[in-house]
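Engineer: Handing over data26.cif, mmCIF, C-alpha atoms and all ligand atoms.
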data_input
#
loop_
_atom_site.label_atom_id
_atom_site.label_comp_id
_atom_site.auth_asym_id
_atom_site.auth_seq_id
_atom_site.Cartn_x
_atom_site.Cartn_y
_atom_site.Cartn_z
CA MET A 17 0.00 0.00 0.00
CA MET A 18 1.20 3.50 -0.84
CA ARG A 19 1.72 5.78 2.13
CA VAL A 20 2.75 9.41 2.56
CA GLU A 21 4.62 11.01 5.45
CA ARG A 22 5.00 14.77 5.66
CA VAL A 23 7.60 16.67 7.66
CA VAL A 24 7.89 20.47 7.71
CA VAL A 25 11.51 21.52 7.20
CA GLY A 26 13.85 24.41 6.67
CA PRO A 27 13.73 28.18 7.03
CA LEU A 28 10.61 28.64 4.87
CA SER A 29 8.58 25.72 6.26
CA CYS A 30 8.74 23.53 3.18
CA ASN A 31 6.88 20.22 3.20
CA ALA A 32 9.26 17.31 2.71
CA TYR A 33 7.45 14.10 1.85
CA ILE A 34 8.28 10.45 1.95
CA LEU A 35 6.17 8.46 -0.48
CA TYR A 36 6.57 4.73 -0.03
CA ASP A 37 5.17 1.30 -0.66
CA SER A 38 4.78 -0.17 2.81
CA ASP A 39 4.61 -3.76 1.51
CA GLU A 40 7.89 -3.59 -0.36
CA GLY A 41 9.67 -1.07 1.88
CA VAL A 42 10.75 1.18 -0.99
CA GLY A 43 10.07 4.83 -1.58
CA ILE A 44 11.11 8.28 -2.72
CA VAL A 45 11.73 11.54 -0.88
CA ILE A 46 10.25 14.74 -2.31
CA ASP A 47 11.78 18.16 -1.51
CA ALA A 48 14.57 17.93 1.05
CA GLY A 49 14.20 21.62 1.89
CA GLY A 50 16.22 21.58 5.10
CA ASP A 51 16.52 19.70 8.39
CA GLY A 52 18.16 16.76 6.69
CA ASP A 53 18.53 14.98 10.05
CA LYS A 54 14.76 14.97 10.52
CA ILE A 55 14.14 13.56 7.05
CA VAL A 56 16.81 10.88 7.37
CA ALA A 57 15.57 9.87 10.86
CA LEU A 58 12.02 9.54 9.57
CA VAL A 59 13.13 7.34 6.66
CA LYS A 60 15.22 5.16 8.99
CA GLY A 61 12.28 4.87 11.38
CA LEU A 62 10.02 3.68 8.57
CA ASP A 63 12.69 1.23 7.43
CA VAL A 64 12.21 2.26 3.80
CA ARG A 65 14.84 2.04 1.07
CA ILE A 66 14.89 5.30 -0.90
CA GLY A 67 15.68 5.18 -4.62
CA TYR A 68 15.25 8.82 -5.51
CA LEU A 69 15.20 12.26 -3.99
CA ILE A 70 13.06 14.51 -6.19
CA GLY A 71 13.18 18.29 -6.23
CA THR A 72 9.80 19.62 -7.40
CA HIS A 73 11.82 22.72 -8.36
CA ALA A 74 15.20 24.18 -7.46
CA HIS A 75 14.35 27.06 -5.12
CA PHE A 76 16.66 26.84 -2.13
CA ASP A 77 13.84 26.14 0.33
CA HIS A 78 13.19 22.84 -1.50
CA VAL A 79 16.79 21.65 -2.00
CA LEU A 80 18.78 22.94 0.99
CA ALA A 81 19.29 19.46 2.49
CA ALA A 82 19.49 17.60 -0.82
CA LYS A 83 23.15 16.73 -0.46
CA GLN A 84 22.84 15.59 3.14
CA VAL A 85 19.78 13.43 2.43
CA ARG A 86 21.15 11.98 -0.78
CA ASP A 87 24.47 11.10 0.81
CA ALA A 88 22.88 9.62 3.95
CA LEU A 89 20.33 7.53 2.05
CA GLY A 90 22.42 6.65 -0.98
CA CYS A 91 19.76 7.70 -3.47
CA GLU A 92 19.81 9.72 -6.69
CA PHE A 93 18.85 13.40 -6.67
CA LEU A 94 16.67 14.34 -9.65
CA ILE A 95 15.22 17.64 -10.87
CA HIS A 96 13.89 18.90 -14.20
CA LYS A 97 16.63 20.20 -16.46
CA ASP A 98 14.92 23.58 -16.91
CA ASP A 99 15.69 24.33 -13.25
CA ALA A 100 19.40 23.42 -13.45
CA TRP A 101 20.35 27.11 -13.57
CA LEU A 102 18.27 27.81 -10.45
CA LEU A 103 19.97 24.97 -8.61
CA GLU A 104 23.30 26.62 -9.34
CA LEU A 105 22.01 29.85 -7.80
CA ALA A 106 20.36 28.14 -4.81
CA ALA A 107 23.23 28.46 -2.34
CA GLU A 108 23.68 32.13 -3.18
CA SER A 109 19.99 32.95 -2.83
CA ALA A 110 19.81 31.00 0.46
CA ARG A 111 22.68 33.12 1.79
CA LYS A 112 20.85 36.25 0.69
CA TYR A 113 17.52 35.29 2.26
CA ILE A 114 18.55 33.53 5.46
CA GLY A 115 22.21 34.50 5.90
CA GLY A 116 24.70 32.50 7.92
CA ASP A 117 26.10 29.15 6.96
CA VAL A 118 24.49 27.51 3.99
CA PRO A 119 25.23 23.85 3.29
CA GLU A 120 26.72 22.79 -0.01
CA ILE A 121 23.90 21.99 -2.41
CA ALA A 122 23.91 18.76 -4.39
CA ASP A 123 24.40 18.62 -8.12
CA PRO A 124 21.67 16.53 -9.74
CA ASP A 125 22.42 12.88 -10.56
CA GLY A 126 19.97 12.99 -13.43
CA TYR A 127 17.02 14.85 -14.88
CA LEU A 128 13.28 14.38 -14.88
CA TYR A 129 11.17 15.00 -17.96
CA ASP A 130 7.48 15.28 -18.71
CA GLY A 131 5.83 11.88 -18.70
CA CYS A 132 8.70 9.92 -17.18
CA THR A 133 7.78 7.33 -14.57
CA LEU A 134 9.51 6.27 -11.38
CA LYS A 135 9.00 2.80 -9.97
CA LEU A 136 8.21 2.24 -6.30
CA GLY A 137 7.81 -1.46 -5.62
CA LYS A 138 4.67 -2.61 -7.42
CA HIS A 139 3.57 0.96 -7.99
CA SER A 140 4.83 3.80 -10.12
CA VAL A 141 4.44 7.56 -10.23
CA LYS A 142 4.50 9.86 -13.23
CA VAL A 143 6.24 13.19 -13.63
CA LEU A 144 4.22 16.10 -15.03
CA HIS A 145 6.15 19.16 -16.16
CA THR A 146 4.19 22.05 -14.62
CA PRO A 147 6.20 25.22 -15.32
CA GLY A 148 5.12 28.69 -14.19
CA HIS A 149 6.50 29.09 -10.66
CA THR A 150 9.86 28.13 -12.15
CA PRO A 151 10.66 26.83 -15.67
CA GLY A 152 11.48 23.36 -14.36
CA SER A 153 8.71 22.87 -11.81
CA VAL A 154 7.27 19.37 -11.80
CA SER A 155 4.34 17.61 -10.16
CA ILE A 156 4.45 13.94 -9.21
CA VAL A 157 1.26 12.00 -9.91
CA GLY A 158 0.31 8.62 -8.50
CA ASP A 159 -2.89 6.65 -8.16
CA GLY A 160 -5.08 9.02 -6.13
CA PHE A 161 -2.62 11.76 -5.29
CA VAL A 162 -0.37 14.48 -6.70
CA PHE A 163 2.60 16.34 -5.22
CA THR A 164 2.46 19.86 -6.60
CA GLY A 165 5.51 21.66 -5.17
CA ASP A 166 4.96 25.41 -5.35
CA THR A 167 2.61 25.16 -8.35
CA LEU A 168 -0.70 24.55 -6.53
CA PHE A 169 -1.52 25.13 -2.85
CA ALA A 170 -4.72 24.93 -0.81
CA GLY A 171 -6.57 28.06 -1.91
CA THR A 172 -3.89 29.62 -4.08
CA VAL A 173 -1.17 29.00 -6.67
CA GLY A 174 2.55 29.67 -6.62
CA ARG A 175 4.20 33.02 -7.24
CA THR A 176 5.16 33.82 -10.79
CA ASP A 177 7.06 37.06 -10.09
CA LEU A 178 10.37 35.42 -9.16
CA PRO A 179 13.16 34.94 -11.75
CA GLY A 180 12.01 32.41 -14.36
CA GLY A 181 8.37 32.67 -13.29
CA ASN A 182 5.70 32.88 -15.98
CA ALA A 183 2.02 33.59 -15.29
CA MET A 184 0.81 32.21 -18.64
CA GLN A 185 2.62 28.93 -18.09
CA MET A 186 1.27 28.76 -14.55
CA ALA A 187 -2.31 29.15 -15.75
CA GLU A 188 -1.79 26.42 -18.31
CA SER A 189 -0.03 24.05 -15.89
CA VAL A 190 -2.80 24.40 -13.32
CA SER A 191 -5.87 24.63 -15.54
CA LYS A 192 -4.87 22.15 -18.23
CA LYS A 193 -2.56 19.68 -16.51
CA LEU A 194 -3.44 19.54 -12.81
CA MET A 195 -7.17 20.18 -13.24
CA SER A 196 -7.40 17.24 -15.64
CA LEU A 197 -6.86 14.96 -12.64
CA PRO A 198 -9.91 13.45 -10.89
CA ASP A 199 -11.66 15.39 -8.10
CA ASP A 200 -10.81 12.89 -5.40
CA TYR A 201 -7.06 13.12 -5.93
CA VAL A 202 -5.28 14.36 -2.81
CA VAL A 203 -2.98 17.35 -3.42
CA TYR A 204 0.23 17.49 -1.39
CA PRO A 205 1.66 20.99 -1.86
CA GLY A 206 5.15 22.30 -1.19
CA HIS A 207 3.90 24.44 1.70
CA GLY A 208 0.85 24.23 3.93
CA ARG A 209 -1.85 21.63 4.33
CA PRO A 210 -3.02 19.01 1.85
CA THR A 211 -6.19 19.56 -0.19
CA THR A 212 -7.93 17.81 -3.10
CA ILE A 213 -8.25 18.54 -6.81
CA GLY A 214 -12.06 18.82 -6.41
CA VAL A 215 -11.88 21.38 -3.61
CA GLU A 216 -9.40 23.49 -5.57
CA ARG A 217 -11.42 23.18 -8.77
CA ARG A 218 -14.49 24.53 -6.95
CA SER A 219 -13.00 27.10 -4.62
CA ASN A 220 -9.49 28.19 -5.63
CA PRO A 221 -9.89 31.80 -6.83
CA PHE A 222 -6.81 31.52 -9.06
CA ILE A 223 -8.28 28.74 -11.17
CA LYS A 224 -10.31 29.82 -14.16
CA HIS A 225 -13.39 27.82 -15.02
ZN ZN B 301 9.46 27.92 -4.93
ZN ZN B 302 8.75 26.91 -1.68
#
Transcribe the structure of this file into structure tokens.
Structural biologist:
Amino acid sequence: MMRVERVVVGPLSCNAYILYDSDEGVGIVIDAGGDGDKIVALVKGLDVRIGYLIGTHAHFDHVLAAKQVRDALGCEFLIHKDDAWLLELAAESARKYIGGDVPEIADPDGYLYDGCTLKLGKHSVKVLHTPGHTPGSVSIVGDGFVFTGDTLFAGTVGRTDLPGGNAMQMAESVSKKLMSLPDDYVVYPGHGRPTTIGVERRSNPFIKH
């Protein structure tokens, strides 16, 4: 059975998720945004083998602990190629926003692309390229759920005024791609509480009908 654990990490309260198949004991980590110790301890406690660490996008608050988590768990760190330039700027922007000591940020071990699938035991999840918040933002879709990073939140959508943001792309990613998912799909956003596609379709003021 597929299970989700959420832990709030880092200076901007990013949701880090562990998505795993409890029968097979395999999973992935999504958005190691900080507090690598917490994420690693949770994975060890669940006794899950992690194949991949996914960055939904390369803003520093989603990748700050990527190196620590990848190295501790021995997994591959994957992002979409269109955010590679942001990943290179992540340490610098973290220093600017939060100051102090910033950990070294991992280089990616490979890239995600639209439509690629990742296997988790008997299950698999699919990557949707959902640009707008950043050029390389992705959402991860499984059977009954979607991880949306900073693309879709409960009651709002992600900012498009940061470097690389694009309001037209955001509208298309949300209205065409995410809103084509069934109403009962649970949405796990990059910040804040979970919601569902149906609730957002009906009540999110940023979604055009
Ligand atoms: Zn972001
Ligand atoms: Zn964020």
Engineer: Please give me, as a compact mmCIF listing (two decimals) with C-alpha atoms, in the frame of the given file, the residues lying within 10 Å of ligand ZN 302 (chain B) when counting all atoms listed in the file.
Structural biologist:
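What ended up in pocket_3.txt:
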# COMPACT_ATOMS: atom_id res chain seq x y z
CA LEU A 28 10.61 28.64 4.87
CA SER A 29 8.58 25.72 6.26
CA CYS A 30 8.74 23.53 3.18
CA ASN A 31 6.88 20.22 3.20
CA ASP A 47 11.78 18.16 -1.51
CA GLY A 49 14.20 21.62 1.89
CA THR A 72 9.80 19.62 -7.40
CA HIS A 73 11.82 22.72 -8.36
CA ALA A 74 15.20 24.18 -7.46
CA HIS A 75 14.35 27.06 -5.12
CA PHE A 76 16.66 26.84 -2.13
CA ASP A 77 13.84 26.14 0.33
CA HIS A 78 13.19 22.84 -1.50
CA VAL A 79 16.79 21.65 -2.00
CA HIS A 149 6.50 29.09 -10.66
CA GLY A 165 5.51 21.66 -5.17
CA ASP A 166 4.96 25.41 -5.35
CA THR A 167 2.61 25.16 -8.35
CA GLY A 174 2.55 29.67 -6.62
CA ARG A 175 4.20 33.02 -7.24
CA PRO A 205 1.66 20.99 -1.86
CA GLY A 206 5.15 22.30 -1.19
CA HIS A 207 3.90 24.44 1.70
Engineer: So that I can see what lies close to Gly43 in chain A, please list as a list in words the residues with an atom at most 6 Å from it, counting only C-alpha atoms and leaving out residues fewer than 6 positions away in the same chain.
Structural biologist: Leu35, Tyr36, Ile66 and Leu136 of chain A
Engineer: Write out the residues from the selection above, keeping C-alpha atoms, as a short mmCIF file (atom, residue, chain, number, x, y, z; two decimals), keeping the file's coordinate frame.
Structural biologist:
data_model
loop_
_atom_site.label_atom_id
_atom_site.label_comp_id
_atom_site.auth_asym_id
_atom_site.auth_seq_id
_atom_site.Cartn_x
_atom_site.Cartn_y
_atom_site.Cartn_z
CA LEU A 35 6.17 8.46 -0.48
CA TYR A 36 6.57 4.73 -0.03
CA ILE A 66 14.89 5.30 -0.90
CA LEU A 136 8.21 2.24 -6.30
#
Engineer: Neighbours of Ala88 in chain A within 12 Å (only C-alpha atoms; same-chain residues fewer than 2 positions away dropped), as a list in words?
Structural biologist: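 Surrounding residues, per the criterion: Gly52, Asp53, Lys54, Ile55, Val56, Ala57, Val59, Lys60, Arg65, Ile66, Leu69, Ala81, Ala82, Lys83, Gln84, Val85, Arg86, Gly90, Cys91, Glu92 and Phe93 of chain A.
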Engineer: Have a look at A:Leu80, A:Val202, A:Val190, A:Ile34 and name the one nearest to Asp117 in chain A; count only C-alpha atoms.
Structural biologist: A:Leu80
Engineer: Find the residues near Asp37 in chain A: any atom within 12 Å, counting only C-alpha atoms, skip ones fewer than 2 places away on the same chain, and give them as JSON, numbers by chain.
Structural biologist: {"A": [17, 18, 19, 20, 21, 34, 35, 39, 40, 41, 42, 43, 44, 62, 63, 64, 65, 66, 67, 135, 136, 137, 138, 139, 140, 141, 158]}
Engineer: Give the answer as one residue: which of A:Gly116, A:Gly171, A:Pro151, A:Pro198 has the shortest atom-to-atom distance to ligand ZN 301 (chain B), using only C-alpha atoms and all ligand atoms?
Structural biologist: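 Looking only at the distances to ligand ZN 301 (chain B), the closest residue turns out to be A:Pro151.
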Engineer: For CA of Asp177 in chain A and CA of Val215 in chain A, quote the distance in Å rounded to one decimal.
Structural biologist: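 Computing the Euclidean distance for CA of Asp177 in chain A and CA of Val215 in chain A yields 25.4 Å.
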Engineer: Mind checking which residues fall within 12 Å of Gly131 in chain A, counting only C-alpha atoms, ignoring those fewer than 5 positions away in the same chain, and posting them as a PyMOL selection string?
Structural biologist: chain A and resi 96+140-146+154-157+193
Engineer: If I take CA of Val162 in chain A and CA of Glu104 in chain A, how far is one from the other in Å, to one decimal?
Structural biologist: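 Calculated distance between CA of Val162 in chain A and CA of Glu104 in chain A is 26.7 Å.
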Engineer: Select, from A:Phe222, A:Tyr201, A:Tyr33, A:Phe169, the residue with the minimum atom-to-atom distance to ligand ZN 301 (chain B), counting all atoms listed in the file.
Structural biologist: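 For ligand ZN 301 (chain B), the nearest of the given residues is A:Phe169.
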Engineer: For the atom pair CA of Val25 in chain A and CA of Ile70 in chain A, what is the interatomic distance in Å to one decimal place?
Structural biologist: 15.2 Å
Engineer: Could you check which of A:Gly26, A:Gly61, A:Gly148, A:Gly160 is closest to Val173 in chain A, using all atoms listed in the file?
Structural biologist: A:Gly148
Engineer: Kindly provide, as lines of an AutoDock Vina configuration file, the centre and edge lengths (Å, one decimal) of an axis-aligned box around all atoms of range 39-53 of chain A given in the file, with 8 Å on each side.
Structural biologist:
center_x = 11.6
center_y = 8.9
center_z = 3.7
size_x = 29.9
size_y = 41.4
size_z = 28.8
Engineer: Of the candidates A:Thr172, A:Ser196, A:Ser153, A:Thr211, which one gets nearest to ligand ZN 301 (chain B) if we count all atoms listed in the file?
Structural biologist: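 That would be A:Ser153, the residue with the smallest distance to ligand ZN 301 (chain B).
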Engineer: Considering all atoms listed in the file, can you say which of A:Pro124, A:Gly115, A:Gly181, A:Pro27 comes closest to ligand ZN 301 (chain B)?
Structural biologist: A:Gly181
